[in-house]
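K.L.:
What follows is the file entry33.csv, containing CSV, C-alpha atoms:
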chain,number,residue,atom,x,y,z
A,1,MET,CA,-37.1,7.0,9.0
A,2,ALA,CA,-35.4,7.8,12.3
A,3,ASP,CA,-36.2,11.3,13.5
A,4,ARG,CA,-32.6,11.9,14.5
A,5,VAL,CA,-29.4,9.8,14.1
A,6,THR,CA,-26.4,10.6,16.3
A,7,VAL,CA,-23.1,8.9,15.9
A,8,ILE,CA,-21.0,8.9,19.1
A,9,GLY,CA,-17.3,8.1,19.1
A,10,TRP,CA,-16.0,6.4,22.2
A,11,ASP,CA,-12.3,6.3,23.2
A,12,GLY,CA,-12.7,4.8,26.7
A,13,SER,CA,-13.0,8.2,28.4
A,14,PRO,CA,-16.2,9.4,30.1
A,15,LEU,CA,-18.8,10.5,27.6
A,16,THR,CA,-19.2,14.2,27.0
A,17,ALA,CA,-22.4,16.1,28.0
A,18,ALA,CA,-23.5,16.2,24.4
A,19,ALA,CA,-23.0,12.4,24.0
A,20,ARG,CA,-24.8,11.6,27.3
A,21,SER,CA,-27.7,13.8,26.2
A,22,ALA,CA,-28.1,12.2,22.8
A,23,LEU,CA,-27.8,8.7,24.3
A,24,GLY,CA,-30.3,9.4,27.1
A,25,ALA,CA,-32.9,10.3,24.5
A,26,ALA,CA,-32.3,7.4,22.2
A,27,THR,CA,-35.0,4.8,21.4
A,28,LEU,CA,-32.6,2.7,19.4
A,29,VAL,CA,-28.9,2.2,20.2
A,30,ALA,CA,-26.5,0.3,17.9
A,31,GLY,CA,-23.0,-0.6,18.8
A,32,ALA,CA,-20.5,-3.4,19.7
A,33,ALA,CA,-21.2,-5.5,22.9
A,34,HIS,CA,-19.0,-3.2,25.1
A,35,HIS,CA,-20.8,-0.2,23.8
A,36,LEU,CA,-24.3,-1.6,24.6
A,37,ALA,CA,-23.1,-2.5,28.1
A,38,LEU,CA,-22.5,1.2,29.0
A,39,THR,CA,-24.6,2.3,31.9
A,40,GLU,CA,-25.7,5.4,29.9
A,41,VAL,CA,-27.7,3.3,27.4
A,42,PRO,CA,-31.4,3.6,28.2
A,43,PRO,CA,-32.9,0.3,29.5
A,44,ALA,CA,-36.0,0.7,27.3
A,45,ALA,CA,-34.1,1.4,24.1
A,46,GLU,CA,-34.0,-1.2,21.3
A,47,ARG,CA,-30.5,-2.5,21.0
A,48,ILE,CA,-28.7,-3.6,17.8
A,49,ARG,CA,-25.4,-5.5,18.0
A,50,LEU,CA,-23.3,-3.8,15.3
A,51,GLY,CA,-21.9,-6.3,12.8
A,52,SER,CA,-22.8,-5.2,9.3
A,53,VAL,CA,-23.1,-1.4,9.3
A,54,SER,CA,-25.2,-1.6,6.2
A,55,LEU,CA,-27.8,-3.9,7.8
A,56,ALA,CA,-27.8,-1.6,10.9
A,57,ALA,CA,-28.4,1.4,8.7
A,58,ARG,CA,-31.5,-0.2,7.1
A,59,ARG,CA,-32.9,-1.0,10.6
A,60,ILE,CA,-32.2,2.6,11.6
A,61,ALA,CA,-33.8,4.0,8.5
A,62,ALA,CA,-37.0,2.1,9.2
A,63,HIS,CA,-37.0,3.1,12.9
A,64,ARG,CA,-39.4,5.8,14.1
A,65,GLY,CA,-37.7,7.5,16.9
A,66,THR,CA,-34.2,8.7,17.9
A,67,ALA,CA,-31.2,6.5,17.1
A,68,VAL,CA,-27.7,6.5,18.4
A,69,VAL,CA,-24.8,4.6,16.9
A,70,LEU,CA,-21.7,4.0,19.1
A,71,ALA,CA,-18.4,3.4,17.6
A,72,ASP,CA,-14.8,3.2,18.8
A,73,GLY,CA,-12.5,6.2,18.2
A,74,ASP,CA,-13.4,8.8,15.6
A,75,PRO,CA,-16.4,7.4,13.6
A,76,GLY,CA,-15.6,9.8,10.7
A,77,PHE,CA,-12.1,8.3,10.2
A,78,PHE,CA,-12.4,5.0,8.5
A,79,GLY,CA,-15.6,4.6,10.5
A,80,VAL,CA,-19.3,4.1,10.3
A,81,VAL,CA,-20.2,7.7,9.2
A,82,ARG,CA,-19.3,7.0,5.6
A,83,THR,CA,-21.8,4.0,5.4
A,84,LEU,CA,-24.5,5.8,7.3
A,85,ARG,CA,-24.3,8.8,5.0
A,86,ALA,CA,-24.7,6.7,1.9
A,87,PRO,CA,-27.5,8.0,-0.3
A,88,GLU,CA,-29.6,4.8,-0.3
A,89,PHE,CA,-30.3,5.1,3.5
A,90,GLY,CA,-31.3,8.8,3.4
A,91,LEU,CA,-30.1,9.4,6.9
A,92,GLU,CA,-29.1,12.8,8.3
A,93,VAL,CA,-26.3,12.2,10.7
A,94,GLU,CA,-24.9,14.2,13.6
A,95,VAL,CA,-21.4,13.2,14.9
A,96,VAL,CA,-19.9,13.5,18.4
A,97,PRO,CA,-16.3,12.5,17.7
A,98,ALA,CA,-13.6,11.1,20.0
A,99,VAL,CA,-9.9,10.6,19.7
A,100,SER,CA,-9.2,8.2,16.8
A,101,SER,CA,-7.6,4.9,17.6
A,102,VAL,CA,-4.7,5.8,15.3
A,103,ALA,CA,-4.0,9.0,17.3
A,104,GLN,CA,-4.2,7.0,20.5
A,105,ALA,CA,-1.8,4.3,19.3
A,106,PHE,CA,0.8,6.9,18.3
A,107,ALA,CA,0.3,8.7,21.6
A,108,ARG,CA,1.0,5.4,23.4
A,109,ALA,CA,4.1,5.0,21.3
A,110,GLY,CA,5.2,8.6,21.9
A,111,MET,CA,5.6,9.3,18.2
A,112,PRO,CA,4.3,11.9,15.7
A,113,TRP,CA,2.0,10.5,13.1
A,114,ASP,CA,1.5,13.3,10.5
A,115,ASP,CA,4.1,11.5,8.4
A,116,ALA,CA,2.5,8.1,8.6
A,117,GLN,CA,0.5,6.1,6.1
A,118,VAL,CA,-2.8,4.8,7.5
A,119,VAL,CA,-4.4,1.7,6.0
A,120,VAL,CA,-7.3,-0.6,6.8
A,121,ALA,CA,-6.6,-4.4,6.7
A,122,HIS,CA,-9.5,-6.7,5.9
A,123,PRO,CA,-8.9,-10.2,4.5
A,124,ARG,CA,-9.7,-8.8,1.1
A,125,THR,CA,-7.3,-5.8,1.5
A,126,LEU,CA,-4.6,-7.4,3.6
A,127,ARG,CA,-2.1,-8.0,0.8
A,128,ARG,CA,-2.3,-4.3,-0.3
A,129,ALA,CA,-1.9,-3.2,3.3
A,130,VAL,CA,1.2,-5.4,3.6
A,131,ASN,CA,2.6,-3.8,0.4
A,132,VAL,CA,2.2,-0.4,2.0
A,133,CYS,CA,4.1,-1.7,5.0
A,134,ARG,CA,6.9,-2.9,2.7
A,135,ALA,CA,7.2,0.5,1.0
A,136,HIS,CA,7.0,3.0,3.8
A,137,THR,CA,8.9,3.6,7.0
A,138,LYS,CA,5.8,4.4,9.2
A,139,VAL,CA,2.4,2.8,8.7
A,140,ALA,CA,-0.6,2.5,11.0
A,141,VAL,CA,-2.7,-0.6,10.2
A,142,LEU,CA,-6.3,-0.8,11.5
A,143,THR,CA,-6.8,-4.5,11.7
A,144,SER,CA,-9.7,-6.9,11.6
A,145,PRO,CA,-10.4,-10.6,12.4
A,146,GLY,CA,-8.3,-12.6,9.9
A,147,ALA,CA,-6.1,-9.6,9.1
A,148,GLY,CA,-4.3,-8.9,12.3
A,149,PRO,CA,-0.7,-8.7,13.5
A,150,ALA,CA,0.0,-12.4,13.0
A,151,GLU,CA,-1.1,-12.2,9.3
A,152,LEU,CA,0.8,-9.0,8.7
A,153,GLY,CA,4.0,-10.6,10.1
A,154,LEU,CA,3.6,-13.8,8.0
A,155,LEU,CA,3.2,-11.8,4.8
A,156,LEU,CA,6.1,-9.6,5.6
A,157,GLN,CA,8.4,-12.6,5.6
A,158,GLY,CA,11.9,-11.7,4.6
A,159,VAL,CA,11.4,-8.0,5.4
A,160,HIS,CA,12.3,-6.7,8.9
A,161,ARG,CA,9.8,-4.4,10.6
A,162,THR,CA,9.1,-3.4,14.1
A,163,PHE,CA,5.5,-3.8,15.3
A,164,VAL,CA,3.9,-1.6,18.0
A,165,ILE,CA,0.7,-3.6,18.7
A,166,CYS,CA,-2.0,-1.7,20.6
A,167,GLU,CA,-4.9,-4.0,21.8
A,168,GLU,CA,-8.3,-2.8,23.0
A,169,LEU,CA,-7.3,0.8,23.3
A,170,GLY,CA,-9.2,2.9,25.8
A,171,THR,CA,-10.5,-0.1,27.7
A,172,GLU,CA,-9.4,-1.7,31.0
A,173,ARG,CA,-7.7,-4.5,29.0
A,174,GLU,CA,-5.6,-2.1,26.9
A,175,GLN,CA,-2.1,-3.5,26.2
A,176,VAL,CA,0.8,-2.2,24.1
A,177,THR,CA,3.4,-4.7,22.8
A,178,VAL,CA,6.6,-3.9,20.9
A,179,LEU,CA,8.2,-6.8,18.9
A,180,THR,CA,9.7,-7.6,15.5
A,181,SER,CA,7.4,-8.6,12.7
A,182,ASP,CA,8.8,-12.2,12.6
A,183,LYS,CA,7.6,-12.8,16.2
A,184,ALA,CA,4.0,-11.6,15.7
A,185,ALA,CA,2.7,-14.9,14.5
A,186,ASP,CA,3.8,-16.5,17.7
A,187,HIS,CA,1.0,-14.8,19.7
A,188,THR,CA,-2.8,-14.6,19.9
A,189,TRP,CA,-4.0,-11.0,19.6
A,190,ARG,CA,-7.2,-9.4,20.8
A,191,ASP,CA,-9.4,-7.3,18.5
A,192,PRO,CA,-9.8,-4.4,17.9
A,193,ASN,CA,-6.1,-3.4,17.6
A,194,VAL,CA,-3.9,-1.0,15.8
A,195,VAL,CA,-0.5,-2.0,14.6
A,196,ILE,CA,2.2,0.7,14.0
A,197,VAL,CA,4.7,-0.8,11.6
A,198,ILE,CA,8.1,0.8,11.6
A,199,GLY,CA,10.7,0.1,8.9
A,200,GLY,CA,14.2,1.3,9.5
A,201,PRO,CA,15.2,4.4,11.5
A,202,VAL,CA,12.6,7.1,11.5
A,203,ALA,CA,14.7,10.3,11.2
A,204,ALA,CA,13.7,13.4,13.0
A,205,SER,CA,12.5,16.0,10.5
A,206,PRO,CA,11.3,19.6,10.5
A,207,THR,CA,7.6,20.3,10.6
A,208,GLY,CA,6.1,19.1,7.3
A,209,TRP,CA,3.4,20.7,5.3
A,210,ILE,CA,1.3,17.7,4.2
A,211,ALA,CA,0.0,14.7,6.0
A,212,GLY,CA,1.1,11.2,4.9
A,213,ARG,CA,3.8,11.0,2.3
A,214,ASP,CA,5.8,14.0,1.3
A,215,PRO,CA,6.3,14.1,-2.5
A,216,GLY,CA,10.0,14.5,-1.7
A,217,THR,CA,12.9,15.4,-4.0
A,218,PRO,CA,14.2,15.4,-6.7
A,219,ARG,CA,11.4,16.7,-8.9
A,220,GLY,CA,10.3,14.4,-11.7
A,221,TRP,CA,11.0,10.8,-12.6
A,222,ALA,CA,12.9,8.9,-15.4
A,223,LEU,CA,15.9,10.8,-14.1
A,224,PRO,CA,19.2,10.8,-16.1
A,225,ALA,CA,22.1,8.5,-15.5
A,226,PRO,CA,24.1,10.8,-13.2
A,227,ALA,CA,21.3,10.7,-10.6
A,228,TYR,CA,22.0,6.9,-10.2
A,229,GLY,CA,25.7,7.0,-10.3
A,230,GLY,CA,26.2,6.6,-14.0
A,231,ASP,CA,28.6,8.8,-15.8
A,232,ASP,CA,27.0,9.0,-19.2
A,233,ARG,CA,24.6,6.1,-19.5
A,234,LEU,CA,23.3,3.1,-17.6
A,235,GLY,CA,23.1,-0.5,-18.6
A,236,GLU,CA,21.1,-1.8,-21.5
A,237,GLY,CA,17.4,-1.3,-20.9
A,238,GLU,CA,18.0,1.4,-18.3
A,239,SER,CA,18.0,4.6,-20.3
A,240,ASP,CA,15.8,7.3,-19.0
A,241,ARG,CA,13.5,7.4,-22.0
A,242,LEU,CA,12.9,3.6,-21.9
A,243,ARG,CA,12.4,3.9,-18.2
A,244,ALA,CA,9.7,6.5,-18.7
A,245,ALA,CA,7.9,4.3,-21.2
A,246,GLN,CA,8.1,1.3,-18.9
A,247,LEU,CA,6.8,3.2,-15.8
A,248,ALA,CA,3.9,4.7,-17.9
A,249,ARG,CA,2.8,1.2,-19.0
A,250,ILE,CA,2.9,-0.6,-15.7
A,251,GLY,CA,1.8,2.4,-13.5
A,252,PRO,CA,3.2,1.5,-10.1
A,253,ARG,CA,1.0,2.8,-7.3
A,254,VAL,CA,0.5,2.6,-3.5
A,255,GLY,CA,-0.5,-0.9,-2.5
A,256,ASP,CA,1.2,-2.6,-5.5
A,257,LEU,CA,4.1,-5.0,-5.3
A,258,VAL,CA,6.5,-4.5,-8.2
A,259,TRP,CA,9.1,-7.0,-9.3
A,260,ASP,CA,12.2,-5.5,-11.0
A,261,ILE,CA,14.0,-8.4,-12.5
A,262,GLY,CA,17.5,-7.5,-13.6
A,263,CYS,CA,17.6,-4.4,-11.5
A,264,GLY,CA,21.1,-3.3,-12.7
A,265,SER,CA,21.8,0.2,-11.3
A,266,GLY,CA,18.5,0.3,-9.3
A,267,ALA,CA,17.2,3.2,-11.4
A,268,PHE,CA,13.8,1.6,-12.2
A,269,THR,CA,13.6,0.1,-8.7
A,270,VAL,CA,14.0,3.5,-7.1
A,271,GLU,CA,11.5,5.3,-9.4
A,272,ALA,CA,8.8,2.6,-8.9
A,273,ALA,CA,9.3,2.9,-5.1
A,274,ARG,CA,9.1,6.7,-5.3
A,275,PHE,CA,5.6,6.3,-6.7
A,276,GLY,CA,4.7,4.6,-3.4
A,277,ALA,CA,4.8,1.0,-4.5
A,278,ALA,CA,6.6,-1.8,-2.8
A,279,VAL,CA,9.4,-3.2,-4.9
A,280,ILE,CA,11.4,-6.4,-4.9
A,281,ALA,CA,14.6,-5.9,-6.9
A,282,VAL,CA,16.3,-9.1,-8.2
A,283,ASP,CA,19.7,-9.5,-9.9
A,284,ALA,CA,22.2,-12.3,-10.3
A,285,ASP,CA,25.1,-9.8,-10.0
A,286,PRO,CA,26.0,-9.0,-6.4
A,287,ASP,CA,27.5,-5.7,-7.5
A,288,ALA,CA,24.1,-4.7,-9.0
A,289,CYS,CA,22.4,-5.6,-5.8
A,290,ALA,CA,24.9,-3.5,-3.9
A,291,ARG,CA,24.4,-0.5,-6.2
A,292,THR,CA,20.6,-0.8,-6.0
A,293,THR,CA,20.8,-0.9,-2.2
A,294,ALA,CA,23.0,2.2,-2.1
A,295,VAL,CA,20.9,4.2,-4.5
A,296,ALA,CA,17.7,3.3,-2.7
A,297,ARG,CA,19.2,4.5,0.6
A,298,HIS,CA,20.2,7.7,-1.1
A,299,PHE,CA,16.7,8.3,-2.3
A,300,GLY,CA,15.1,7.2,1.0
A,301,VAL,CA,13.1,4.3,-0.4
A,302,GLN,CA,12.9,0.8,0.9
A,303,PRO,CA,12.9,-2.0,-1.8
A,304,GLN,CA,13.7,-5.5,-0.9
A,305,VAL,CA,16.9,-6.5,-2.8
A,306,VAL,CA,17.2,-10.2,-3.6
A,307,HIS,CA,20.4,-11.7,-5.0
A,308,GLY,CA,19.7,-14.7,-7.3
A,309,MET,CA,19.3,-16.0,-10.8
A,310,ALA,CA,15.9,-15.6,-12.4
A,311,PRO,CA,13.7,-17.6,-13.0
A,312,TYR,CA,14.7,-19.9,-10.2
A,313,ILE,CA,14.8,-17.2,-7.5
A,314,LEU,CA,11.3,-16.1,-8.3
A,315,GLU,CA,9.6,-19.2,-6.9
A,316,ASP,CA,9.6,-18.0,-3.3
A,317,LEU,CA,8.8,-14.4,-3.9
A,318,PRO,CA,5.3,-13.0,-3.0
A,319,GLU,CA,2.8,-12.5,-5.8
A,320,PRO,CA,3.5,-9.4,-7.9
A,321,ASP,CA,1.0,-6.9,-9.3
A,322,VAL,CA,3.2,-5.6,-12.0
A,323,VAL,CA,6.6,-6.7,-13.3
A,324,ARG,CA,9.5,-5.1,-15.2
A,325,ILE,CA,11.8,-7.6,-16.8
A,326,GLY,CA,15.2,-6.0,-17.4
A,327,GLY,CA,16.9,-9.2,-18.5
A,328,GLY,CA,16.6,-13.0,-18.9
A,329,GLY,CA,14.7,-13.3,-22.1
A,330,ALA,CA,11.8,-15.5,-23.0
A,331,GLU,CA,12.4,-18.0,-20.2
A,332,VAL,CA,12.1,-15.4,-17.5
A,333,VAL,CA,9.0,-13.9,-19.3
A,334,SER,CA,7.3,-17.3,-19.2
A,335,ALA,CA,8.1,-17.8,-15.5
A,336,VAL,CA,6.7,-14.4,-14.7
A,337,ALA,CA,3.6,-14.8,-16.7
A,338,ASP,CA,2.9,-18.0,-14.9
A,339,ARG,CA,2.4,-15.9,-11.7
A,340,ARG,CA,-0.3,-13.8,-13.5
A,341,PRO,CA,0.7,-10.2,-12.6
A,342,ALA,CA,-1.7,-7.7,-14.1
A,343,ARG,CA,1.0,-6.1,-16.3
A,344,ILE,CA,4.4,-7.0,-17.6
A,345,VAL,CA,6.9,-4.9,-19.4
A,346,ALA,CA,10.1,-6.1,-21.1
A,347,HIS,CA,12.4,-5.0,-23.9
A,348,ALA,CA,14.4,-6.5,-26.7
A,349,SER,CA,17.3,-5.3,-28.8
A,350,ASN,CA,16.2,-7.0,-32.0
A,351,ARG,CA,13.1,-8.1,-33.7
A,352,ASP,CA,13.6,-11.8,-33.3
A,353,ALA,CA,14.0,-11.5,-29.5
A,354,ALA,CA,10.9,-9.2,-29.4
A,355,GLU,CA,8.8,-11.7,-31.3
A,356,LEU,CA,9.9,-14.5,-29.0
A,357,ILE,CA,8.9,-12.5,-25.9
A,358,GLY,CA,5.6,-11.3,-27.5
A,359,ARG,CA,4.7,-14.9,-28.4
A,360,GLY,CA,5.3,-16.0,-24.8
A,361,LEU,CA,3.1,-13.3,-23.4
A,362,THR,CA,0.3,-14.1,-25.9
A,363,GLU,CA,0.4,-17.8,-25.1
A,364,HIS,CA,-0.1,-16.9,-21.4
A,365,GLY,CA,-3.2,-14.9,-22.2
A,366,TYR,CA,-1.8,-11.4,-22.2
A,367,ALA,CA,-2.9,-8.7,-24.6
A,368,VAL,CA,0.5,-7.6,-26.1
A,369,GLU,CA,1.7,-4.3,-27.4
A,370,CYS,CA,5.1,-3.7,-29.0
A,371,ALA,CA,6.6,-0.3,-29.9
A,372,LEU,CA,10.0,0.4,-31.6
A,373,LEU,CA,11.5,3.3,-29.6
A,374,GLN,CA,14.2,5.4,-31.2
A,375,SER,CA,15.9,8.1,-29.2
A,376,VAL,CA,18.4,10.5,-30.7
A,377,GLU,CA,20.4,12.6,-28.2
A,378,LEU,CA,21.7,15.9,-29.6
A,379,ASP,CA,24.7,18.0,-28.7
A,380,THR,CA,23.0,21.4,-28.4
A,381,ARG,CA,26.2,23.3,-28.8
A,382,ALA,CA,26.3,22.3,-32.5
A,383,TRP,CA,22.9,20.6,-32.8
A,384,THR,CA,24.5,17.4,-34.0
A,385,GLU,CA,23.7,13.9,-33.1
A,386,ARG,CA,25.6,12.6,-30.1
A,387,GLU,CA,23.9,9.2,-29.5
A,388,ARG,CA,21.2,7.1,-30.9
A,389,THR,CA,19.4,4.2,-29.2
A,390,VAL,CA,16.8,1.8,-30.7
A,391,VAL,CA,14.9,-0.7,-28.6
A,392,PHE,CA,11.7,-2.8,-28.8
A,393,LEU,CA,9.4,-2.1,-25.8
A,394,LEU,CA,6.9,-4.9,-25.1
A,395,SER,CA,4.0,-4.7,-22.6
A,396,GLY,CA,1.4,-7.3,-21.7
A,397,GLN,CA,-1.8,-6.8,-19.8
A,398,LEU,CA,-4.2,-9.5,-18.5
A,399,PRO,CA,-7.7,-8.7,-19.8
A,400,ASP,CA,-9.3,-10.2,-16.7
A,401,ARG,CA,-7.3,-8.2,-14.2
A,402,ALA,CA,-8.3,-4.7,-12.9
A,403,PRO,CA,-6.5,-1.8,-14.5
Written as structure tokens, how would this file's structure read?
P.N.:
Amino acid sequence: MADRVTVIGWDGSPLTAAARSALGAATLVAGAAHHLALTEVPPAAERIRLGSVSLAARRIAAHRGTAVVLADGDPGFFGVVRTLRAPEFGLEVEVVPAVSSVAQAFARAGMPWDDAQVVVAHPRTLRRAVNVCRAHTKVAVLTSPGAGPAELGLLLQGVHRTFVICEELGTEREQVTVLTSDKAADHTWRDPNVVIVIGGPVAASPTGWIAGRDPGTPRGWALPAPAYGGDDRLGEGESDRLRAAQLARIGPRVGDLVWDIGCGSGAFTVEAARFGAAVIAVDADPDACARTTAVARHFGVQPQVVHGMAPYILEDLPEPDVVRIGGGGAEVVSAVADRRPARIVAHASNRDAAELIGRGLTEHGYAVECALLQSVELDTRAWTERERTVVFLLSGQLPDRAP
């Protein structure tokens, strides 16, 4: 095992005295090509080109001597420290940090970043990173080959975003480019880079108290009709109690893409978005689309609102993770199930319709649950019944998809 392992962050500025001391004593140095070319690397030291951090960690663990790992930015922030400290390698690690590439990128843009989401985009996580960019007004994306600005722009088709693309930060080839997301695919970009994705105007706000996403207001979810512009009640399938059950069953989360088909007033769309998910709201009624857009603006969320008739309009939409079907019946359920989202929720006003929807989900391989929900609203002045609603709630889950 290496006698000592020091991880040195490098942001393009001269190395600190502590970093130079550790590097000068190293008998093994691991890093990218531009790190290994630094004049401070001892000529006699064994050099490892850093590709797979796990493979490098095994080499370091077997090395007898003093090892140094060089990494861009802060190696403890989405960096190599996590892998090197994995129990299977048994390495004791000292860290000499540098300014993270995310902090550098926002500094170049002249923007605060305590209110930003930060995501890592690899080919396997690119889709979820894009969904975060759909859902939030300020996102920093740490890119990788095959998951860079061009790929981000292509997957954001139909959604306008501004990209601040920072290439090779801290080097002589550093370049910062500002363009709209639809232009990103027209260029070839150099790695590594950070992309700041801005959606809509970023309002100046007082000093916050939590990094990332403020929980915001109002408190709670499944809010009553007046919160969404309804006087007493919303449309069929939009009651707060049914909404609560639907949200509980599909569990929208950060990185998900939710389809809300038959968005109506926008109540479900807004609440799924407030959980941090990206939402595409679909309705054939232009007034419903306008209401959804207005209520989303009021709550400060960013769904994509699509006017069109399901199931036909669904063909060109990106793949969903979970879907709420607020209208359209068995035909829409079948079209949605063909796209294989992990979870689907729908409702029906009578048993025949519920059986038809349930049968369609079962035939597509979904495990189906159905519950008869009855809600009785009471007038608390006299404790008498004021309103009663009865609805069938159906939910389907693919057994082969992750929860």
K.L.:
Let me make sure I understand: among A:Val270, A:Val295, A:Val258, A:Ala342, which one has the smallest atom-to-atom distance to Leu398 in chain A if we use all atoms listed in the file?
P.N.:
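Checking each candidate against Leu398 in chain A, we get A:Ala342 as the closest.
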K.L.:
Might you pull out every residue within 10 Å of Ile165 in chain A, with all atoms listed in the file counted and same-chain residues fewer than 6 positions away left off, and present them as an MDAnalysis selection string?
P.N.:
chainID A and resid 105 109 140:141 148:149 175:179 184 189 193:197
K.L.:
To one decimal in Å, tell me the separation between CA of Ala86 in chain A and CA of Ala56 in chain A.
P.N.:
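Taking CA of Ala86 in chain A as the start and CA of Ala56 in chain A as the end point, the length is 12.6 Å.
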K.L.:
Determine, counting only C-alpha atoms, which protein, DNA and RNA residues have an atom within 7 Å of an atom of Val99 in chain A; residues of the same chain fewer than 5 positions away are not included. Present the result as a PyMOL selection string.
P.N.:
chain A and resi 11+73-74+104
K.L.:
Based on the selection just made, write C-alpha atoms of those residues as a PDB file, in the coordinates of the input.
P.N.:
ATOM      1  CA  ASP A  11     -12.300   6.300  23.200  1.00  0.00           C
ATOM      2  CA  GLY A  73     -12.500   6.200  18.200  1.00  0.00           C
ATOM      3  CA  ASP A  74     -13.400   8.800  15.600  1.00  0.00           C
ATOM      4  CA  GLN A 104      -4.200   7.000  20.500  1.00  0.00           C
TER       5      GLN A 104
END
K.L.:
Excluding Ala272 in chain A and any residue of its chain fewer than 6 positions from it, enumerate the residues within 8 Å of it, using only C-alpha atoms, and give them as a list in words.
P.N.:
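Selected residues are Leu247, Pro252, Arg253, Val258, Ala278 and Val279 of chain A.
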K.L.:
Report as a list in words all protein, DNA and RNA residues lying within 8 Å of range 332-339 of chain A, evaluated on only C-alpha atoms, omitting residues in the same chain fewer than 4 positions from it.
P.N.:
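Here the answer would be Ala310, Pro311, Glu319, Pro320, Val323, Ile325, Gly327, Gly328, Ile344, Ile357, Gly360, Leu361 and His364 of chain A.
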K.L.:
Please return range 176-181 of chain A, rebuilt to all heavy atoms, as a CSV table (one decimal), in the coordinates of the input.
P.N.:
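Just written: rebuild.csv:
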chain,number,residue,atom,x,y,z
A,176,VAL,N,-0.1,-2.6,25.2
A,176,VAL,CA,0.8,-2.2,24.1
A,176,VAL,C,2.0,-3.1,24.1
A,176,VAL,O,2.7,-3.3,25.2
A,176,VAL,CB,1.2,-0.7,24.2
A,176,VAL,CG1,2.2,-0.3,23.1
A,176,VAL,CG2,0.0,0.2,24.2
A,177,THR,N,2.3,-3.7,23.0
A,177,THR,CA,3.4,-4.7,22.8
A,177,THR,C,4.3,-4.3,21.7
A,177,THR,O,3.9,-3.9,20.6
A,177,THR,CB,2.9,-6.1,22.6
A,177,THR,OG1,2.0,-6.5,23.6
A,177,THR,CG2,4.1,-7.1,22.6
A,178,VAL,N,5.6,-4.3,21.9
A,178,VAL,CA,6.6,-3.9,20.9
A,178,VAL,C,7.4,-5.2,20.6
A,178,VAL,O,8.0,-5.8,21.5
A,178,VAL,CB,7.5,-2.8,21.3
A,178,VAL,CG1,8.5,-2.5,20.2
A,178,VAL,CG2,6.7,-1.6,21.7
A,179,LEU,N,7.5,-5.6,19.3
A,179,LEU,CA,8.2,-6.8,18.9
A,179,LEU,C,8.6,-6.7,17.5
A,179,LEU,O,8.1,-5.8,16.7
A,179,LEU,CB,7.5,-8.1,19.3
A,179,LEU,CG,6.0,-8.3,19.0
A,179,LEU,CD1,5.7,-8.2,17.5
A,179,LEU,CD2,5.5,-9.6,19.6
A,180,THR,N,9.4,-7.6,17.0
A,180,THR,CA,9.7,-7.6,15.5
A,180,THR,C,8.7,-8.4,14.8
A,180,THR,O,8.0,-9.3,15.4
A,180,THR,CB,11.1,-8.2,15.3
A,180,THR,OG1,11.2,-9.5,15.9
A,180,THR,CG2,12.2,-7.4,15.9
A,181,SER,N,8.5,-8.1,13.5
A,181,SER,CA,7.4,-8.6,12.7
A,181,SER,C,7.5,-10.2,12.7
A,181,SER,O,6.4,-10.8,12.6
A,181,SER,CB,7.5,-8.0,11.3
A,181,SER,OG,8.8,-8.2,10.7
